[in-house]
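Here's the structure we're looking at; comments come further down.
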Amino acid sequence: MNKLTIISIISLALLLINSCKSDQDNNAISLIPQPVAIDQTGDGFTISRQTAVSYNDESLHQAAHLVADLWEGYLGFAPRILHHPVDEDSGKIDLVIVDQYVSEWGDEGYELTVNSGGIEIKGNTPAGVFYGAQTLNQLLSTSTQGNLPGVKITDNPRFSYRGLHLDVSRHFIPIDFIYELIDYMAMHKLNVFHWHLIDDQGWRLEIKGYPKLTEVGAWRVDMSDRHWNDRPLVNDPANATYGGFYTQDEVKGLVAYAAERNITVMPEIEMPAHVMSALAAYPEYSCTGENLGVPPGGVWPITHIYCAGKEETFHFLEDVLTEVMAIFPSEFIHIGGDEADKTNWKSCDACQARIASEGLADEHELQSYFIHRIEEFLNANGRKLIGWDEILEGGLAPNASVMSWRGEQGGIDAAKMGHTVVMTPGSHCYFDHYQGDPALEPLAIGGYTTLAKVYSYEPVPTALSAEEAKLVLGAQANVWTEYIPEPDHAEYMIFPRLAALSEVLWSPASLRDWGDFSQRMKDQYKRYDHMGINYSLSAFQVSAIPEMDAENKTLLVKLESEVHEPLIRYTLDGTRPTSESPVYDGAVNISETSTLTASVFDSDKPMNQFMVRDYLIHKGFAADLELTYPNSEQYSGQGSYTLVNGINGTKSFSDGSWLGFLGNDLVADLDLGETTDIGSIKVDALQNNGSWIFYPRWVQFEVSADGENYTLLERVENAISSAEPLPQTQWFATEKAAADVRYVRVTAKSLGVCPTGHSGEGENCWMFVSEIVVE
């Protein structure tokens with residue numbers, strides 16, 4: 001054996017050893033968010049009952065007790081807590097504030113070292129040490145009996161603002177859950193809790209100077225049996241029993257609890273719109289003086305807003321904000337500023353007088369005046385104003401920060417003007433959106449924001465220069481609760497998407513890797529189980545992408561899942577797949593009516609996210625079809641074959657399978673291509689009361705041999721009430737047989753307009769259909 005061969009063999013062996021070590025390292029160190037740098041260093045350390053937690057600075061006293069309690073969940077015992085010095089022979093966990101500031105760490109960074117002598121967590125501040133302790137807690141969660149690998153982790157956040165917003169106005173959420181949420185935020189290294197306390201549907205914060213804000217404004221009539229957008233506005237205080245509020249003492253306790261975990265609680269006190277709860281208590285601060293009550297559901301447009309012309313309005317708001325600032329020490333006070341319809345301002349003498357006296361151009365500049373004035377008050381009290389991107393309209397207040405939610409343009413514009421911004425676009429950061437197949441998910445407001453989509457978000461728009469990019473403080477997730485009435489439901493919508501956003505905001509963009517994140521999420525799910533978090537497994541759902549082959553009258557169905565390299569098994573007979581079912585390895589060819597059921601598997605176990613789709617190969621499949629009245633271009637399904645492609649829609653009107661008709665009837669003529677005998681005809685329809693989609697009044701089925709002379713088989717009346725609150729579908733069908741049929745006509749009579757009592761009463765309504773089946 002020559003020298004070159006020996007060297008090659010040794011090199012290959014070393015490569016294999018290093019490769020194995022790398023795999024072991026990756027398996028051993030599973031953290032979210034991913035730290036800046038992880039180096040495995042050799043021998044590790046085992047935490048025992050003799051191990052003590054020590055700290056070198058009194059500012060770490062509270063942190064030491066917090067993390068000891070935290071670690072107890074995985075160790076089964078709480079380590080002893082001691083001040084320096086500590087017996088070096090017993091092993092120790094040292095929490096250290098360094099003597100000299102390490103600029104690379106910043107205020108929230110840390111260095112965590114585990115070796116045979118013990119554990120050391122160093123930081124410039126208690127916040128940094130606390131985050132290091134959170135990382136150690138994650139290491140413990142994947143360890144066995146406190147056995148930790150030798151490791152050195154150096155870490156610091158990419159963004160200074162890492163937030164979570166929760167709306168408690170649309171549905172009051174008990175404060176016990178908020179405490180739990182603060183702990184979950186700390187686990188994910190988030191540092192701002194944006195508390196949406198005020199909106200039309202409820203005022204949730206005690207204001208001692210204005211007691212009616214909670215006596216009246218915190219309560220509304222319970223209409224939980226109706227869709228959110230189908231709840232009429234009522235003013236019935238005697239029956240206003242749904243709601244609740246937080247006392248100032250409760251809030252102060254939560255604020256202190258959050259601060260111990262390096263979380264700032266930022267209140268949102270909406271103005272000038274989204275304040276009908278306040279105006280139900282004090283209607284004199286509106287333009288009209290009317291008391292319209294506290295809305296039990298959706299309101300649009302939002303015209304009943306604070307009067308910008310009355311001095312009394314500003315006195316009221318300054319009094320409220322004075323109490324708010326005494327409760328919340330946050331640098332920023334969020335004032336909303338969004339979705340203010342200025343109809344009432346246009347007809348209000350006081351508002352018009354204000355426009356004239358201040359030399360304003362219009363109502364948009366009046367809103368800018370309103371925001372400027374509130375900002376001046378906050379600035380005078382040492383606080384900063386932040387609001388939704390509508391505060392840009394009419395001119396941005398000089399020191400204001402912008403929270404960009406209607407896409408990123410508001411944030412871009414504000415940054416180019418020199419203002420700091422927080423990015424929270426609905427496309428990626430709205431956690432009230434569906435995160436999976438609407439047919440499998442609880443009712444949501446709409447949208448489609450998956451775990452992978454959240455993880456793909458980049459908070460710094462490419463339109464910004466390097467200097468402008470520095471004004472992007474960070475981003476946050478928004479949880480609006482119109483369709484989220486319970487804490488468990490809120491948890492389900494937040495997790496695991498919060499894990500994805502936490503990594504976007506903490507970790508370097510260069511480390512972003514969806515495949516690696518997906519693997520690390522397996523351990524994160526175990527942590528969620530340990531903590532009792534009600535999280536979603538929607539990321540494991542299977543999506544079906546059917547493609548019609550009109551010539552061969554078949555469907556080719558592709559299956560996908562957003563998890564990394566999924567193992568998908570499926571069946572075509574409607575049964576749930578098992579470990580013995582076929583593995584998906586390419587498009588499934590469907591040439592006869594089938595029920596395709598599929599699931600992602602983890603080894604031999606399904607992830608219990610079963611996708612079920614019916615594909616209907618029938619006599620009308622791929623038939624030529626003409627519509628007497630065109631469908632809306634906004635909802636055109638999959639094109640000209642939509643109603644005869646074998647695909648019936650789900651409960652989601654935006655799933656791409658439905659044709660939508662606004663105010664029009666459906667009159668569809670099918671040419672089957674040849675004369676045949678038929679036994680039944682059916683068409684499906686969708687109803688979504690809150691989206692103004694209703695079943696047809698009736699559907700009638702006609703047949704013809706020549707396309708000129710039609711015979712009525714049957715007219716089928718709708719028997720389901722238009723007031724049903726939840727999205728649903730139904731088939732309208734006739735089973736009357738007919739011979740020698742070539743042409744089929746299906747007519748569905750639209751309701752035309754929204755029915756009496758509906759929030760859209762008298763307005764054009766929608767009718768949705770997705771498939772005509774001839775058998």
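In the structure tokens, chains take letters A, B, ... by order of appearance, with residues numbered from 1 within each chain and ligands from 1 in the order shown.
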
Do you have, as JSON lines, the list of residues of segment 179-273 of chain A lying at most 9 Å from segment 27-40 of chain A, each with its nearest atom pair and that distance in Å to one decimal, counting only C-alpha atoms and ordered by chain then number?
```
{"residue": "A:Met187", "atom": "CA", "partner": "A:Ile32", "partner_atom": "CA", "distance": 8.9}
{"residue": "A:His188", "atom": "CA", "partner": "A:Pro33", "partner_atom": "CA", "distance": 6.7}
{"residue": "A:Lys189", "atom": "CA", "partner": "A:Pro33", "partner_atom": "CA", "distance": 7.7}
```

Those residues with N, CA and C atoms, as a short mmCIF file (atom, residue, chain, number, x, y, z; two decimals), in the first residue's frame please?
```cif
data_model
loop_
_atom_site.label_atom_id
_atom_site.label_comp_id
_atom_site.auth_asym_id
_atom_site.auth_seq_id
_atom_site.Cartn_x
_atom_site.Cartn_y
_atom_site.Cartn_z
N MET A 187 -40.06 31.92 27.00
CA MET A 187 -39.45 30.70 26.46
C MET A 187 -38.96 30.93 25.04
N HIS A 188 -39.71 31.73 24.27
CA HIS A 188 -39.36 32.00 22.88
C HIS A 188 -38.52 33.27 22.73
N LYS A 189 -38.09 33.85 23.85
CA LYS A 189 -37.24 35.03 23.86
C LYS A 189 -37.90 36.25 23.20
#
```

Residues near segment 613-618 of chain A, anyone? I mean within 10 Å using only C-alpha atoms, not counting same-chain ones fewer than 3 positions away, as a PDB file with N, CA and C atoms, in the first residue's frame.
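Writing done, so here's result_8.pdb:
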```
ATOM      1  N   SER A 543     -51.743  18.651   1.397  1.00  0.00           N
ATOM      2  CA  SER A 543     -52.512  19.413   0.413  1.00  0.00           C
ATOM      3  C   SER A 543     -52.588  18.618  -0.877  1.00  0.00           C
ATOM      4  N   ALA A 544     -53.741  18.659  -1.511  1.00  0.00           N
ATOM      5  CA  ALA A 544     -53.933  17.983  -2.790  1.00  0.00           C
ATOM      6  C   ALA A 544     -54.013  19.024  -3.897  1.00  0.00           C
ATOM      7  N   PRO A 546     -55.036  18.903  -7.625  1.00  0.00           N
ATOM      8  CA  PRO A 546     -55.540  18.106  -8.756  1.00  0.00           C
ATOM      9  C   PRO A 546     -55.378  18.846 -10.084  1.00  0.00           C
ATOM     10  N   LYS A 553     -60.121  12.095 -19.612  1.00  0.00           N
ATOM     11  CA  LYS A 553     -61.137  12.128 -18.564  1.00  0.00           C
ATOM     12  C   LYS A 553     -60.627  11.490 -17.258  1.00  0.00           C
ATOM     13  N   THR A 554     -59.490  12.006 -16.805  1.00  0.00           N
ATOM     14  CA  THR A 554     -58.898  11.574 -15.540  1.00  0.00           C
ATOM     15  C   THR A 554     -58.409  12.796 -14.778  1.00  0.00           C
ATOM     16  N   LEU A 555     -58.060  12.562 -13.515  1.00  0.00           N
ATOM     17  CA  LEU A 555     -57.423  13.584 -12.683  1.00  0.00           C
ATOM     18  C   LEU A 555     -56.060  13.088 -12.243  1.00  0.00           C
ATOM     19  N   VAL A 557     -53.466  13.888  -9.306  1.00  0.00           N
ATOM     20  CA  VAL A 557     -53.480  14.599  -8.029  1.00  0.00           C
ATOM     21  C   VAL A 557     -52.095  14.532  -7.387  1.00  0.00           C
ATOM     22  N   LEU A 572     -57.391   5.246  -1.556  1.00  0.00           N
ATOM     23  CA  LEU A 572     -58.378   5.769  -2.510  1.00  0.00           C
ATOM     24  C   LEU A 572     -59.786   5.263  -2.238  1.00  0.00           C
ATOM     25  N   ASP A 573     -59.963   4.558  -1.118  1.00  0.00           N
ATOM     26  CA  ASP A 573     -61.286   3.992  -0.818  1.00  0.00           C
ATOM     27  C   ASP A 573     -61.955   4.648   0.380  1.00  0.00           C
ATOM     28  N   GLY A 574     -61.401   5.770   0.851  1.00  0.00           N
ATOM     29  CA  GLY A 574     -62.006   6.486   1.964  1.00  0.00           C
ATOM     30  C   GLY A 574     -61.540   6.046   3.335  1.00  0.00           C
ATOM     31  N   ILE A 590     -56.374   9.290 -11.076  1.00  0.00           N
ATOM     32  CA  ILE A 590     -57.738   8.923 -10.675  1.00  0.00           C
ATOM     33  C   ILE A 590     -58.612   8.885 -11.924  1.00  0.00           C
ATOM     34  N   SER A 591     -59.098   7.694 -12.231  1.00  0.00           N
ATOM     35  CA  SER A 591     -59.907   7.495 -13.437  1.00  0.00           C
ATOM     36  C   SER A 591     -61.333   7.084 -13.116  1.00  0.00           C
ATOM     37  N   GLU A 592     -61.639   6.946 -11.836  1.00  0.00           N
ATOM     38  CA  GLU A 592     -62.997   6.651 -11.407  1.00  0.00           C
ATOM     39  C   GLU A 592     -63.248   7.359 -10.087  1.00  0.00           C
ATOM     40  N   THR A 593     -64.516   7.549  -9.762  1.00  0.00           N
ATOM     41  CA  THR A 593     -64.851   8.265  -8.525  1.00  0.00           C
ATOM     42  C   THR A 593     -64.147   7.629  -7.331  1.00  0.00           C
ATOM     43  N   SER A 594     -63.433   8.447  -6.565  1.00  0.00           N
ATOM     44  CA  SER A 594     -62.619   7.947  -5.456  1.00  0.00           C
ATOM     45  C   SER A 594     -62.632   8.936  -4.310  1.00  0.00           C
ATOM     46  N   THR A 595     -62.403   8.412  -3.119  1.00  0.00           N
ATOM     47  CA  THR A 595     -62.176   9.254  -1.950  1.00  0.00           C
ATOM     48  C   THR A 595     -60.726   9.105  -1.549  1.00  0.00           C
ATOM     49  N   LEU A 596     -59.948  10.135  -1.802  1.00  0.00           N
ATOM     50  CA  LEU A 596     -58.517  10.121  -1.506  1.00  0.00           C
ATOM     51  C   LEU A 596     -58.305  10.598  -0.075  1.00  0.00           C
ATOM     52  N   THR A 597     -57.670   9.756   0.726  1.00  0.00           N
ATOM     53  CA  THR A 597     -57.347  10.095   2.112  1.00  0.00           C
ATOM     54  C   THR A 597     -55.846   9.974   2.289  1.00  0.00           C
ATOM     55  N   ALA A 598     -55.220  10.999   2.869  1.00  0.00           N
ATOM     56  CA  ALA A 598     -53.761  10.997   2.981  1.00  0.00           C
ATOM     57  C   ALA A 598     -53.331  11.601   4.300  1.00  0.00           C
ATOM     58  N   PHE A 610     -55.582  14.067   8.806  1.00  0.00           N
ATOM     59  CA  PHE A 610     -56.019  13.329   7.627  1.00  0.00           C
ATOM     60  C   PHE A 610     -56.734  14.240   6.635  1.00  0.00           C
ATOM     61  N   PHE A 621     -68.294  14.828 -16.536  1.00  0.00           N
ATOM     62  CA  PHE A 621     -66.897  15.205 -16.325  1.00  0.00           C
ATOM     63  C   PHE A 621     -66.286  15.725 -17.630  1.00  0.00           C
ATOM     64  N   ALA A 622     -65.688  16.911 -17.585  1.00  0.00           N
ATOM     65  CA  ALA A 622     -65.028  17.541 -18.725  1.00  0.00           C
ATOM     66  C   ALA A 622     -65.994  17.865 -19.863  1.00  0.00           C
ATOM     67  N   ALA A 623     -67.290  17.971 -19.561  1.00  0.00           N
ATOM     68  CA  ALA A 623     -68.277  18.322 -20.587  1.00  0.00           C
ATOM     69  C   ALA A 623     -68.141  19.791 -20.985  1.00  0.00           C
ATOM     70  N   VAL A 644     -67.267  21.106 -13.879  1.00  0.00           N
ATOM     71  CA  VAL A 644     -67.303  19.717 -14.393  1.00  0.00           C
ATOM     72  C   VAL A 644     -65.921  19.081 -14.325  1.00  0.00           C
ATOM     73  N   ASN A 645     -65.120  19.467 -13.331  1.00  0.00           N
ATOM     74  CA  ASN A 645     -63.764  18.927 -13.235  1.00  0.00           C
ATOM     75  C   ASN A 645     -63.620  17.852 -12.170  1.00  0.00           C
ATOM     76  N   GLY A 646     -64.733  17.420 -11.585  1.00  0.00           N
ATOM     77  CA  GLY A 646     -64.686  16.341 -10.607  1.00  0.00           C
ATOM     78  C   GLY A 646     -64.265  16.760  -9.220  1.00  0.00           C
ATOM     79  N   ILE A 647     -64.139  18.072  -8.991  1.00  0.00           N
ATOM     80  CA  ILE A 647     -63.629  18.561  -7.707  1.00  0.00           C
ATOM     81  C   ILE A 647     -64.710  19.402  -7.043  1.00  0.00           C
ATOM     82  N   ASN A 648     -65.210  18.948  -5.914  1.00  0.00           N
ATOM     83  CA  ASN A 648     -66.170  19.778  -5.181  1.00  0.00           C
ATOM     84  C   ASN A 648     -65.457  20.557  -4.085  1.00  0.00           C
ATOM     85  N   GLY A 649     -65.950  21.755  -3.812  1.00  0.00           N
ATOM     86  CA  GLY A 649     -65.264  22.666  -2.914  1.00  0.00           C
ATOM     87  C   GLY A 649     -65.381  22.266  -1.450  1.00  0.00           C
ATOM     88  N   THR A 650     -64.500  22.843  -0.648  1.00  0.00           N
ATOM     89  CA  THR A 650     -64.538  22.668   0.800  1.00  0.00           C
ATOM     90  C   THR A 650     -65.409  23.766   1.410  1.00  0.00           C
ATOM     91  N   GLU A 771     -69.514  22.138  -8.378  1.00  0.00           N
ATOM     92  CA  GLU A 771     -69.509  20.946  -9.240  1.00  0.00           C
ATOM     93  C   GLU A 771     -70.931  20.515  -9.576  1.00  0.00           C
ATOM     94  N   ILE A 772     -71.141  20.219 -10.856  1.00  0.00           N
ATOM     95  CA  ILE A 772     -72.381  19.599 -11.318  1.00  0.00           C
ATOM     96  C   ILE A 772     -72.058  18.154 -11.670  1.00  0.00           C
ATOM     97  N   VAL A 773     -72.736  17.229 -11.025  1.00  0.00           N
ATOM     98  CA  VAL A 773     -72.453  15.800 -11.190  1.00  0.00           C
ATOM     99  C   VAL A 773     -73.619  15.139 -11.909  1.00  0.00           C
ATOM    100  N   VAL A 774     -73.326  14.457 -13.009  1.00  0.00           N
ATOM    101  CA  VAL A 774     -74.341  13.720 -13.775  1.00  0.00           C
ATOM    102  C   VAL A 774     -73.954  12.248 -13.758  1.00  0.00           C
ATOM    103  N   GLU A 775     -74.867  11.418 -13.262  1.00  0.00           N
ATOM    104  CA  GLU A 775     -74.564   9.987 -13.160  1.00  0.00           C
ATOM    105  C   GLU A 775     -75.719   9.159 -13.718  1.00  0.00           C
TER     106      GLU A 775
END
```

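Surrounding segment 487-503 of chain A within 7 Å are A:Ile32, A:Pro33, A:Gln34, A:Ile173, A:Phe177, A:His188, A:Lys189, A:Leu190, A:Phe431, A:Asp432, A:Leu451, A:Val454, A:Tyr455, A:Ile484, A:Leu505, A:Trp506, A:Ser507, A:Ile533, A:Asn534, A:Tyr535, A:Ser536, with only C-alpha atoms counted and residues fewer than 2 positions along the same chain left out.
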
Residues from last step as file, N, CA and C atoms, as an mmCIF file, in the first residue's frame:
```cif
data_model
loop_
_atom_site.group_PDB
_atom_site.id
_atom_site.type_symbol
_atom_site.label_atom_id
_atom_site.label_comp_id
_atom_site.auth_asym_id
_atom_site.auth_seq_id
_atom_site.Cartn_x
_atom_site.Cartn_y
_atom_site.Cartn_z
ATOM 1 N N ILE A 32 -34.688 26.480 19.883
ATOM 2 C CA ILE A 32 -35.492 27.459 19.150
ATOM 3 C C ILE A 32 -35.728 28.661 20.065
ATOM 4 N N PRO A 33 -35.368 29.873 19.634
ATOM 5 C CA PRO A 33 -34.720 30.206 18.369
ATOM 6 C C PRO A 33 -33.262 29.754 18.315
ATOM 7 N N GLN A 34 -32.796 29.524 17.089
ATOM 8 C CA GLN A 34 -31.427 29.042 16.889
ATOM 9 C C GLN A 34 -30.421 30.090 17.347
ATOM 10 N N ILE A 173 -60.419 37.720 27.869
ATOM 11 C CA ILE A 173 -59.586 36.554 28.165
ATOM 12 C C ILE A 173 -59.088 36.663 29.600
ATOM 13 N N PHE A 177 -54.640 33.262 31.977
ATOM 14 C CA PHE A 177 -54.069 32.846 30.699
ATOM 15 C C PHE A 177 -52.992 33.812 30.247
ATOM 16 N N HIS A 188 -39.710 31.734 24.271
ATOM 17 C CA HIS A 188 -39.359 31.999 22.877
ATOM 18 C C HIS A 188 -38.519 33.268 22.727
ATOM 19 N N LYS A 189 -38.093 33.849 23.846
ATOM 20 C CA LYS A 189 -37.239 35.035 23.857
ATOM 21 C C LYS A 189 -37.897 36.252 23.200
ATOM 22 N N LEU A 190 -39.198 36.361 23.362
ATOM 23 C CA LEU A 190 -39.910 37.563 22.938
ATOM 24 C C LEU A 190 -39.913 38.564 24.082
ATOM 25 N N PHE A 431 -51.919 35.953 13.155
ATOM 26 C CA PHE A 431 -52.110 34.591 13.624
ATOM 27 C C PHE A 431 -53.581 34.234 13.845
ATOM 28 N N ASP A 432 -54.487 35.177 13.505
ATOM 29 C CA ASP A 432 -55.900 34.814 13.483
ATOM 30 C C ASP A 432 -56.282 34.219 12.133
ATOM 31 N N LEU A 451 -47.177 27.755 9.010
ATOM 32 C CA LEU A 451 -45.938 27.798 9.781
ATOM 33 C C LEU A 451 -44.768 28.156 8.869
ATOM 34 N N VAL A 454 -44.805 31.889 7.884
ATOM 35 C CA VAL A 454 -44.293 32.745 8.957
ATOM 36 C C VAL A 454 -42.774 32.679 8.982
ATOM 37 N N TYR A 455 -42.241 31.457 8.863
ATOM 38 C CA TYR A 455 -40.789 31.280 8.948
ATOM 39 C C TYR A 455 -40.070 31.961 7.787
ATOM 40 N N ILE A 484 -61.984 33.873 17.979
ATOM 41 C CA ILE A 484 -61.195 33.109 18.951
ATOM 42 C C ILE A 484 -61.747 33.391 20.344
ATOM 43 N N LEU A 505 -36.985 36.651 14.357
ATOM 44 C CA LEU A 505 -36.644 37.888 15.050
ATOM 45 C C LEU A 505 -35.367 37.795 15.877
ATOM 46 N N TRP A 506 -35.034 36.600 16.327
ATOM 47 C CA TRP A 506 -33.849 36.455 17.184
ATOM 48 C C TRP A 506 -32.614 36.052 16.392
ATOM 49 N N SER A 507 -32.721 35.063 15.550
ATOM 50 C CA SER A 507 -31.555 34.427 14.934
ATOM 51 C C SER A 507 -31.057 35.191 13.711
ATOM 52 N N ILE A 533 -49.293 23.012 26.413
ATOM 53 C CA ILE A 533 -49.742 23.988 25.414
ATOM 54 C C ILE A 533 -50.594 23.288 24.367
ATOM 55 N N ASN A 534 -51.704 23.898 24.045
ATOM 56 C CA ASN A 534 -52.605 23.365 23.024
ATOM 57 C C ASN A 534 -52.142 23.888 21.660
ATOM 58 N N TYR A 535 -51.258 23.162 21.005
ATOM 59 C CA TYR A 535 -50.667 23.638 19.762
ATOM 60 C C TYR A 535 -51.261 22.924 18.550
ATOM 61 N N SER A 536 -51.056 23.520 17.407
ATOM 62 C CA SER A 536 -51.575 22.983 16.154
ATOM 63 C C SER A 536 -50.531 22.100 15.473
#
```

Rank nothing, just name the residue among A:Ala705, A:Leu464, A:Leu166, A:Leu443 nearest to Gly418 of chain A, using only C-alpha atoms.
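For Gly418 of chain A, the nearest of the given residues is A:Leu464.
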
Give me the residues within 6 Å of Thr113 of chain A as a list in words, counting only C-alpha atoms and dropping any in the same chain fewer than 4 places off.
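With the cut-off at 6 Å, the set is Ile119, Glu120, Val151 and Lys152 of chain A.
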
For the residues in that selection, give me N, CA, C and O atoms as an mmCIF file, in the first residue's frame.
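Okay, part-v3.cif is ready:
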```cif
data_model
loop_
_atom_site.group_PDB
_atom_site.id
_atom_site.type_symbol
_atom_site.label_atom_id
_atom_site.label_comp_id
_atom_site.auth_asym_id
_atom_site.auth_seq_id
_atom_site.Cartn_x
_atom_site.Cartn_y
_atom_site.Cartn_z
ATOM 1 N N ILE A 119 -21.675 24.803 34.968
ATOM 2 C CA ILE A 119 -22.372 25.601 33.954
ATOM 3 C C ILE A 119 -22.182 27.066 34.303
ATOM 4 O O ILE A 119 -22.311 27.466 35.470
ATOM 5 N N GLU A 120 -21.898 27.870 33.289
ATOM 6 C CA GLU A 120 -21.763 29.307 33.501
ATOM 7 C C GLU A 120 -22.587 30.034 32.448
ATOM 8 O O GLU A 120 -22.505 29.735 31.251
ATOM 9 N N VAL A 151 -20.765 22.209 25.888
ATOM 10 C CA VAL A 151 -21.131 23.136 24.813
ATOM 11 C C VAL A 151 -20.793 24.564 25.213
ATOM 12 O O VAL A 151 -20.767 24.915 26.401
ATOM 13 N N LYS A 152 -20.509 25.380 24.207
ATOM 14 C CA LYS A 152 -20.371 26.817 24.406
ATOM 15 C C LYS A 152 -21.291 27.498 23.401
ATOM 16 O O LYS A 152 -21.150 27.304 22.188
#
```

Best match for closeness to Ile327 of chain A among A:Leu254, A:Lys346, A:His274, A:Glu339, counting only C-alpha atoms:
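Counting only C-alpha atoms, the residue closest to Ile327 of chain A is A:Leu254.
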
If you run DSSP on the backbone here, which positions in segment 488-713 of chain A get alpha helix (DSSP H)? Please write them as number ranges by chain.
A: 488-494, 497-506, 514-531

Taking only C-alpha atoms into account, name the residue in A:His227, A:His334, A:His165, A:Lys252 that is nearest to Ile269 of chain A.
A:His334

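Counting only C-alpha atoms, Glu323 of chain A has the following residues at most 9 Å away, ignoring those fewer than 4 positions along the same chain: Ile207, Lys208, Gly209, Glu318, Asp319, Ile327 and Phe328 of chain A.
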
Writer output for current selection, all heavy atoms, as an mmCIF file, in the first residue's frame:
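What landed in result-v6.cif:
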```cif
data_model
loop_
_atom_site.group_PDB
_atom_site.id
_atom_site.type_symbol
_atom_site.label_atom_id
_atom_site.label_comp_id
_atom_site.auth_asym_id
_atom_site.auth_seq_id
_atom_site.Cartn_x
_atom_site.Cartn_y
_atom_site.Cartn_z
ATOM 1 N N ILE A 207 -60.586 52.315 34.593
ATOM 2 C CA ILE A 207 -60.150 53.711 34.659
ATOM 3 C C ILE A 207 -60.955 54.360 35.785
ATOM 4 O O ILE A 207 -62.161 54.569 35.672
ATOM 5 C CB ILE A 207 -60.385 54.449 33.328
ATOM 6 C CG1 ILE A 207 -59.612 53.759 32.190
ATOM 7 C CG2 ILE A 207 -59.987 55.921 33.447
ATOM 8 C CD1 ILE A 207 -58.105 53.782 32.331
ATOM 9 N N LYS A 208 -60.297 54.671 36.872
ATOM 10 C CA LYS A 208 -61.006 55.090 38.082
ATOM 11 C C LYS A 208 -61.727 56.422 37.906
ATOM 12 O O LYS A 208 -62.770 56.656 38.520
ATOM 13 C CB LYS A 208 -60.026 55.134 39.253
ATOM 14 C CG LYS A 208 -59.505 53.737 39.614
ATOM 15 C CD LYS A 208 -58.541 53.753 40.791
ATOM 16 C CE LYS A 208 -58.093 52.319 41.117
ATOM 17 N NZ LYS A 208 -57.130 52.297 42.248
ATOM 18 N N GLY A 209 -61.183 57.287 37.076
ATOM 19 C CA GLY A 209 -61.822 58.568 36.862
ATOM 20 C C GLY A 209 -63.055 58.495 35.978
ATOM 21 O O GLY A 209 -63.857 59.434 35.945
ATOM 22 N N GLU A 318 -56.811 62.563 27.692
ATOM 23 C CA GLU A 318 -55.633 62.846 28.507
ATOM 24 C C GLU A 318 -55.802 62.291 29.922
ATOM 25 O O GLU A 318 -54.844 61.765 30.515
ATOM 26 C CB GLU A 318 -55.369 64.348 28.529
ATOM 27 C CG GLU A 318 -54.865 64.872 27.194
ATOM 28 C CD GLU A 318 -54.685 66.383 27.172
ATOM 29 O OE1 GLU A 318 -54.916 67.026 28.232
ATOM 30 O OE2 GLU A 318 -54.323 66.926 26.117
ATOM 31 N N ASP A 319 -57.017 62.383 30.456
ATOM 32 C CA ASP A 319 -57.273 61.786 31.776
ATOM 33 C C ASP A 319 -57.075 60.270 31.731
ATOM 34 O O ASP A 319 -56.458 59.676 32.631
ATOM 35 C CB ASP A 319 -58.707 62.097 32.221
ATOM 36 C CG ASP A 319 -58.912 63.560 32.599
ATOM 37 O OD1 ASP A 319 -57.904 64.270 32.801
ATOM 38 O OD2 ASP A 319 -60.084 63.984 32.679
ATOM 39 N N ILE A 327 -49.979 52.929 35.176
ATOM 40 C CA ILE A 327 -50.037 51.459 35.287
ATOM 41 C C ILE A 327 -48.945 50.809 34.457
ATOM 42 O O ILE A 327 -48.317 49.830 34.886
ATOM 43 C CB ILE A 327 -51.415 50.950 34.805
ATOM 44 C CG1 ILE A 327 -52.539 51.619 35.564
ATOM 45 C CG2 ILE A 327 -51.513 49.427 34.952
ATOM 46 C CD1 ILE A 327 -53.910 51.391 34.942
ATOM 47 N N PHE A 328 -48.686 51.378 33.280
ATOM 48 C CA PHE A 328 -47.759 50.772 32.325
ATOM 49 C C PHE A 328 -46.517 51.648 32.184
ATOM 50 O O PHE A 328 -46.604 52.773 31.679
ATOM 51 C CB PHE A 328 -48.424 50.637 30.958
ATOM 52 C CG PHE A 328 -49.618 49.723 30.922
ATOM 53 C CD1 PHE A 328 -50.898 50.231 31.082
ATOM 54 C CD2 PHE A 328 -49.464 48.355 30.717
ATOM 55 C CE1 PHE A 328 -52.008 49.401 31.045
ATOM 56 C CE2 PHE A 328 -50.572 47.516 30.672
ATOM 57 C CZ PHE A 328 -51.845 48.037 30.846
#
```

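Closest approach to Glu375 of chain A among A:Tyr430, A:Ile333, A:Ala361, A:Gln634 is made by A:Ile333 (distances from only C-alpha atoms).
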
Given only C-alpha atoms as the counted atoms, nearest of A:Arg162, A:His171, A:Arg49, A:His83 to Glu482 of chain A:
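Checking each candidate against Glu482 of chain A, we get A:His171 as the closest.
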
For Phe601 of chain A, please output as a list in words all residues within 7 Å (counting only C-alpha atoms; exclusion window: fewer than 4 positions along the same chain).
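The filter keeps Leu567, Ile568, Lys605, Pro606 and Met607 of chain A.
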
Please dump the current selection as an mmCIF file, in the first residue's frame; keep C-alpha atoms.
```
data_model
loop_
_atom_site.group_PDB
_atom_site.id
_atom_site.type_symbol
_atom_site.label_atom_id
_atom_site.label_comp_id
_atom_site.auth_asym_id
_atom_site.auth_seq_id
_atom_site.Cartn_x
_atom_site.Cartn_y
_atom_site.Cartn_z
ATOM 1 C CA LEU A 567 -43.484 10.673 4.312
ATOM 2 C CA ILE A 568 -47.044 10.618 2.916
ATOM 3 C CA LYS A 605 -47.430 6.496 12.914
ATOM 4 C CA PRO A 606 -49.794 8.957 11.203
ATOM 5 C CA MET A 607 -49.683 12.541 12.426
#
```
